[in-house]
Structures are given as structure tokens and as C-alpha cells.
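Here is the structure we will look at, set down as C-alpha cells.
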Amino acid sequence: MQSAVGGRRMIAPLVQTTGVRHAADVSALLGEPPPAFLIGPADAAERRTYLQMRHEAFVVQQGLFERSDLDERDEDPRTVVLVARTAAGEVIGGVRLGPVPDGPDIGWWQGGRLVTVGRLNGVGAALVRAACAYAETAGVLRFEATVQTSTYRFFQRLGWDTVKRVEVAGEPHVLMRWPIARIAQLVAASKSSLGPLLGSVGPAGFVGDDGAPVPDSDLVAACDAILPAMVERDPEWAGWCSVLVNVNDLAAMGAVPVGLLDALGARDAAFAARVLSGLRRAAEAYGVPLLGGHTQLGVPAALSVTALGRTATPVPGGGGQPGQDVRLTADLGGSWRTGYAGRQWDSTSRRRPDELRAMVGSVGKAQPAAAKDVSMAGVVGTLGMLAEASGCAAVLDVAAVPKPAEASMGDWLTCFPGFAIVTAGPAELEAGPAVSRVCGSLTSGQGVVLRWPDGEVTPAVSAGVTGMGAA
């Protein structure tokens, strides 16, 4: 960010939302006295004012540019301008941010052209913080800025990391990166406790797998529970998902599902019927019989399903080796489930039975070296579990990841998809409507890093995901 920043005293950024522009609204939300300024996306007039401020700062006063500081990023419709406004509506600062210019948005954004005017302290710091918050909300996983050497320590104090020295417009600058811990936080919250809790649970050679081969048989068993809050909120969808997650677990091991058992708790019969309707509909779509189970009424909502499958050659989650390709096979159809935008991708409820069965049968036919069903830890967390169980590290090429156009990269790599399998080895999966693409590799070491089109790598998971170790 070329920056022309006034006072350095930092205040908390206030990102303006729609409808919070009148003094009474501000007072009601933020108390008395109202803040000296608010920050939000610029309208057309405010954008023109911001561009004039930039020209005055970077062309007239600093001479960084000969005639104009405008570039292709100003013409990119994806570029966002945030401005700071006084209570009277005067624009006193701005900053731009958006995807890098070339190609589709893969979650790599740049900030820049930070400028402030007037004597109010903290405007520059608030704009930078607001830009970081906006980028993370937009699903960005790599957010950078080139800043003048005179201001890079200002960015360091705001928590930015120094990457390297660069040159912009013939002048020395510093490339800075905002640390985004979205993936690491998800992995820590969803999987990091498993190692201490589970220890050596499971058959030998299958550590942390999606299902468990039953010794001395060709049976594979899987069991998943649905969050009680989800059962209460969306009972039919919870019933569908209870089948979906278990069938996908069997699919990741190459097993053909042969039957389901459910355990359901509900407040009354009417509510139980709603859950069971979704469960039965999914069981029919996947062609898996519901064998029985247990139902109890007059209790808080609870749902878990056990699935049984068969295979003579179960595919382990820990069968990978350094040097092997990593492949993501995912169903990109559908959209975000209503009420779960950015968290649950629903493609399966719209698929024909033959399409569903082609997807879940793909691992068994291909027999890759290792496979994991994408779980609540998301694509990166699941890849981390496969690598951990294989005694490896992993590199994920972000630009090669198959992704729905509707989803941001940050959301897609951390959501629960309808059908997605991470595999290692040379095997190619033929999975009906799902897209299958090589998008990384296993390497020596621990953890997962993201590799970007410019060759840069950023850390995503620093070490093992579960703490359960190698298979």
C-alpha cells in the first residue's frame, strides 16, 4: 500500500453497514458520543473523491507517479474501495483492495493506495484493519500490500508480517502480508483433540480413517453423528446428511454400502417423522437399505447413523508416500444450503440416484494409494489428515483446486461439501458428475502449505492435524 497516512494513534475500525448512516442509528448502536468517523464501501461519488485524494498525495505531493497513479486494478470491477467518513459525510481517507489482476479470484488479494487527509488520529490504522476484515470475510487466504519503507513499521505494529523488499514506481517498498489463520483455526477446533482422546483406537494400519475394516471379514463399518443444533434447525436436511456422511465415509475406503442403522432422539413423533423422512429419502437415493435402529421420544434432538459396507481391498487414509500426486474429486454442482452459506455445500440432494452411486463407487474402482472423505476440517484439513496418517507433509496448488464459481476459495477449502474425496497416488477417479483434478503432492515433513501461481508458499497447517500420528 503506497500510503499517505496522517496520525498514527490506533483506534478500533468501525466498518459501516447498510442503513447505519444517520446519527440516531449510530448513537443507538455505538453509544454517546458517536465515533469521529465510520468506514464502509465507497459509493460512486466517494470513489471519485478518493481518487482525487490519491492523485494529490502520490502524484502532486510525493511524486511517486509522473502523471497518474491509476492502473489496471482501478478498472477491475472486483476491486473494492473502503472510505472513512466523518459524521458529516466528509471523506477523510480510503484504501482499495481486491484480487490480483490476472485470472480468476483464487483467494489471493492485494491492498493498496492507502491515503488519509485531515488531523483526525487513527484513520489510517482503522482503514487497514477494515481492509483486513473485509478480505477475510470475502474468503481471502492470502492478503498482501506493498508499502513505502517509511510506513512499513506502522503495518508491523498492526500485526502484518514482513515478506521482502521490492521496488514500486522506482522507489523502495516492502511487501507485507496479513496473517490469515482461518484454516489453522478450523483444524484446531475440529480435529486437534482426537489424538489424546482416541489414542490407538482402530485396526492396525487404519489410523484416523473414515471407516473401520472389521477384522477377519470384508465388512467396513462407519458411524457419524449430526450436530444437535442442526437436527433442531433443519430436521429433514439432518436426516439426509446422516446418510450422506456415512456413505461418503464408506466410499473413501472403497466400500460398497450394504445397510444403515440409525439412533434418533426427538421431542415428539412429529419431529421424529421429519428427521426420518430425510433419512429415508437419502437411503433410497443412494440405494442403501435402512436396516433398523433405535428411536426415543421426549428427549432433546439427537441423531447418529452407522453404515456397513463391503470391500476385500479397503483403501487406507494413511497409504500415501512422498512424491505422490494429490487429487481432489468433488461435485461442484448445486449451491450453498439455505442458512449455511459458506459452511455447507449442497449438491447431492439434486443429483439422480445413478449420479450419486457413480460418485461413491469411484474410489473402490480406482484403488488409489490413500483416500479421505472431506470432513468438517475442510479440504485442507482433510489433506492434512491424509498426510499425517501417511507420515508426510502436503503441498496444495491453490489455482488447481476444482471449485464452484459461486464459492470463495476460503469458503470452499473450509466448508463441508456434498461430495469431495482427497486421494494420493497415480489413480484417476471416474466419478460421474464430479470433477477430479491433480492439485498438489505429498512431500517429506509435516503439515500443509498452499502454493500460489507466483511460486510463493504460505503455511496452512503447521503440523499433524489430529495428533494420532502415522498409520
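Going through the C-alpha cells in order, the chains are called A, B, and so on, while each chain numbers its residues from 1 and the ligands are numbered from 1 in the order shown.
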Given only C-alpha atoms, how would the per-residue table for segment 293-377 of chain A near segment 178-193 of chain A read, listing every residue at most 12 Å away with its closest atom pair and distance in Å to one decimal, sorted by chain and number, as CSV?
residue,atom,partner,partner_atom,distance
A:Arg343,CA,A:Leu186,CA,11.5
A:Ser375,CA,A:Ser190,CA,9.5
A:Met376,CA,A:Ser190,CA,6.9
A:Ala377,CA,A:Val187,CA,5.4
What's the 9 Å shell around Pro402 of chain A, counting only C-alpha atoms, without same-chain residues fewer than 5 positions away, as a compact mmCIF listing (two decimals) with C-alpha atoms, in the first residue's frame?
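For reference, part.txt as written:
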# COMPACT_ATOMS: atom_id res chain seq x y z
CA LEU A 328 -9.34 -33.65 -5.26
CA THR A 329 -12.51 -35.19 -6.67
CA ALA A 330 -15.52 -33.01 -5.89
CA LEU A 332 -19.22 -28.73 -7.99
CA VAL A 435 -14.68 -33.12 -11.21
CA SER A 436 -11.35 -34.83 -10.48
CA ARG A 437 -8.08 -32.93 -10.72
CA CYS A 439 -3.89 -30.19 -7.30
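Going from atom CA of Val123 of chain A over to atom CA of Ala145 of chain A, you cover 17.7 Å.
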Once DSSP has gone over the backbone, tell me which residues of segment 370-461 of chain A are in strand (DSSP E), as a PyMOL selection string. chain A and resi 370-373+393-397+420-424+435-443+448-451+457-461
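Between atom CA of Glu388 of chain A and atom CA of Thr348 of chain A the separation is 28.8 Å.
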Residue nearest Ala221 of chain A among A:Glu171, A:Glu406, A:Asp249, A:Glu236 (counting only C-alpha atoms):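 Smallest separation from Ala221 of chain A among the options: A:Asp249.
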Output as a PyMOL selection string all residues of segment 171-335 of chain A that backbone DSSP marks as alpha helix (DSSP H). chain A and resi 182-191+194-198+228-233+235-252+269-286
Taking C-alpha atoms for each residue, export the selection above as a short mmCIF file (atom, residue, chain, number, x, y, z; two decimals), in the first residue's frame.
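Once written, selection_14.cif looks like this:
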data_model
loop_
_atom_site.label_atom_id
_atom_site.label_comp_id
_atom_site.auth_asym_id
_atom_site.auth_seq_id
_atom_site.Cartn_x
_atom_site.Cartn_y
_atom_site.Cartn_z
CA ARG A 182 -8.75 -19.39 9.08
CA ILE A 183 -7.66 -22.89 8.07
CA ALA A 184 -5.43 -23.48 11.08
CA GLN A 185 -8.18 -22.34 13.45
CA LEU A 186 -10.75 -24.65 11.85
CA VAL A 187 -8.38 -27.61 12.03
CA ALA A 188 -7.52 -26.91 15.66
CA ALA A 189 -11.18 -26.57 16.63
CA SER A 190 -12.44 -29.65 14.80
CA LYS A 191 -9.64 -32.24 14.93
CA LEU A 194 -8.61 -36.53 18.60
CA GLY A 195 -5.12 -37.86 19.25
CA PRO A 196 -5.19 -37.50 23.06
CA LEU A 197 -8.77 -38.81 23.20
CA LEU A 198 -8.57 -41.79 20.88
CA PRO A 228 -27.94 -31.48 17.66
CA ALA A 229 -28.37 -27.82 16.67
CA MET A 230 -28.56 -28.84 13.01
CA VAL A 231 -31.13 -31.55 13.80
CA GLU A 232 -33.29 -28.98 15.60
CA ARG A 233 -32.90 -26.31 12.94
CA PRO A 235 -34.56 -31.90 10.60
CA GLU A 236 -35.14 -33.14 7.04
CA TRP A 237 -31.69 -31.95 5.94
CA ALA A 238 -30.14 -33.50 9.05
CA GLY A 239 -31.73 -36.83 8.11
CA TRP A 240 -30.37 -36.58 4.56
CA CYS A 241 -26.89 -35.65 5.79
CA SER A 242 -26.78 -38.53 8.27
CA VAL A 243 -26.86 -40.89 5.28
CA LEU A 244 -24.62 -38.70 3.11
CA VAL A 245 -21.72 -38.51 5.55
CA ASN A 246 -21.74 -42.23 6.28
CA VAL A 247 -21.96 -43.30 2.63
CA ASN A 248 -19.10 -40.91 1.83
CA ASP A 249 -17.05 -42.43 4.64
CA LEU A 250 -17.52 -45.88 3.15
CA ALA A 251 -16.81 -44.51 -0.32
CA ALA A 252 -13.45 -43.13 0.83
CA ALA A 269 -43.32 -38.15 17.00
CA ALA A 270 -44.00 -35.32 14.54
CA PHE A 271 -40.43 -34.07 14.81
CA ALA A 272 -39.02 -37.59 14.55
CA ALA A 273 -41.02 -38.13 11.37
CA ARG A 274 -39.40 -35.08 9.76
CA VAL A 275 -35.91 -36.40 10.50
CA LEU A 276 -36.77 -39.87 9.29
CA SER A 277 -38.28 -38.54 6.07
CA GLY A 278 -34.94 -37.01 5.10
CA LEU A 279 -33.09 -40.13 6.19
CA ARG A 280 -35.33 -42.45 4.18
CA ARG A 281 -35.21 -40.23 1.10
CA ALA A 282 -31.39 -40.27 1.14
CA ALA A 283 -31.21 -44.00 1.77
CA GLU A 284 -33.42 -44.58 -1.27
CA ALA A 285 -31.40 -42.19 -3.44
CA TYR A 286 -28.13 -43.93 -2.56
#
Per residue of segment 94-145 of chain A within 12 Å of segment 42-66 of chain A, which atom pair is closest and at what distance in Å (one decimal), using only C-alpha atoms, listed by chain and increasing number, as CSV?
residue,atom,partner,partner_atom,distance
A:Gly94,CA,A:Tyr50,CA,6.0
A:Val95,CA,A:Tyr50,CA,8.3
A:Arg96,CA,A:Tyr50,CA,9.6
A:Gly112,CA,A:Arg54,CA,10.7
A:Arg113,CA,A:Arg54,CA,7.0
A:Leu114,CA,A:Arg54,CA,8.1
A:Val115,CA,A:Arg54,CA,6.4
A:Thr116,CA,A:Met53,CA,7.9
A:Val117,CA,A:Met53,CA,7.9
A:Gly118,CA,A:Met53,CA,11.2
Selection export as a PDB file, in the first residue's frame, atoms kept: N, CA and C atoms:
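Writing the result to result-v6.pdb gives the following:
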ATOM      1  N   GLY A  94      -9.128   6.628   2.442  1.00  0.00           N
ATOM      2  CA  GLY A  94      -9.599   5.479   1.684  1.00  0.00           C
ATOM      3  C   GLY A  94      -8.499   4.481   1.418  1.00  0.00           C
ATOM      4  N   VAL A  95      -8.890   3.298   1.019  1.00  0.00           N
ATOM      5  CA  VAL A  95      -7.960   2.231   0.669  1.00  0.00           C
ATOM      6  C   VAL A  95      -8.666   1.322  -0.335  1.00  0.00           C
ATOM      7  N   ARG A  96      -7.911   0.726  -1.232  1.00  0.00           N
ATOM      8  CA  ARG A  96      -8.504  -0.205  -2.186  1.00  0.00           C
ATOM      9  C   ARG A  96      -7.979  -1.612  -1.919  1.00  0.00           C
ATOM     10  N   GLY A 112      -3.921  -1.657  -1.289  1.00  0.00           N
ATOM     11  CA  GLY A 112      -3.037  -0.605  -1.759  1.00  0.00           C
ATOM     12  C   GLY A 112      -3.675   0.761  -1.764  1.00  0.00           C
ATOM     13  N   ARG A 113      -2.848   1.752  -2.095  1.00  0.00           N
ATOM     14  CA  ARG A 113      -3.275   3.139  -2.254  1.00  0.00           C
ATOM     15  C   ARG A 113      -4.010   3.657  -1.016  1.00  0.00           C
ATOM     16  N   LEU A 114      -3.428   3.398   0.155  1.00  0.00           N
ATOM     17  CA  LEU A 114      -3.978   3.928   1.404  1.00  0.00           C
ATOM     18  C   LEU A 114      -3.658   5.413   1.505  1.00  0.00           C
ATOM     19  N   VAL A 115      -4.661   6.236   1.760  1.00  0.00           N
ATOM     20  CA  VAL A 115      -4.460   7.672   1.854  1.00  0.00           C
ATOM     21  C   VAL A 115      -5.425   8.257   2.883  1.00  0.00           C
ATOM     22  N   THR A 116      -4.957   9.223   3.657  1.00  0.00           N
ATOM     23  CA  THR A 116      -5.812   9.935   4.599  1.00  0.00           C
ATOM     24  C   THR A 116      -5.523  11.423   4.509  1.00  0.00           C
ATOM     25  N   VAL A 117      -6.498  12.220   4.912  1.00  0.00           N
ATOM     26  CA  VAL A 117      -6.328  13.676   4.959  1.00  0.00           C
ATOM     27  C   VAL A 117      -6.892  14.174   6.282  1.00  0.00           C
ATOM     28  N   GLY A 118      -6.518  15.369   6.655  1.00  0.00           N
ATOM     29  CA  GLY A 118      -7.041  15.960   7.879  1.00  0.00           C
ATOM     30  C   GLY A 118      -6.233  15.568   9.097  1.00  0.00           C
TER      31      GLY A 118
END
From the options A:Val166, A:Val315, A:Ala399, A:Ala470, which residue's atoms come nearest to Thr423 of chain A, counting only C-alpha atoms? A:Val315
May I ask which of the residues A:Val81, A:Ala130, A:Ala387, A:Ile92 is the closest one to Ala369 of chain A, counting only C-alpha atoms? A:Ala387
Using only C-alpha atoms, which protein or nucleic acid residues come within 12 Å of Gly333 of chain A? Drop anything in the same chain fewer than 5 positions from it, and give the result as a list of chain:residue names.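 The filter keeps A:Trp345, A:Asp346, A:Ser347, A:Thr348, A:Ser349, A:Arg350, A:Arg351, A:Glu355, A:Pro402, A:Lys403, A:Pro404, A:Ala405, A:Glu406, A:Ala407, A:Pro417, A:Gly418, A:Phe419, A:Ala420, A:Gly432, A:Pro433, A:Ala434, A:Val435.
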One decimal, in Å: what's the spacing between atom CA of Gln156 of chain A and atom CA of Trp108 of chain A? 20.1 Å
Which polymer residues have any atom within 10 Å of an atom of Thr79 of chain A, counting only C-alpha atoms, with same-chain residues fewer than 5 positions away left out, as a PyMOL selection string? chain A and resi 72-74+96-101+109-111
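Counting only C-alpha atoms and comparing A:Val256, A:Asp397, A:Pro215, A:Leu297, the residue that lies closest to Met359 of chain A is A:Val256.
Residue nearest Thr311 of chain A, chosen from A:Gly364, A:Gly298, A:Pro104, A:Gly211 and counting only C-alpha atoms: A:Gly364.
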May I have the residues within 7 Å of Gly384 of chain A as a PyMOL selection string, using only C-alpha atoms and disregarding those fewer than 2 positions away in the same chain? chain A and resi 380-382+386-388+394+447-448+464-465
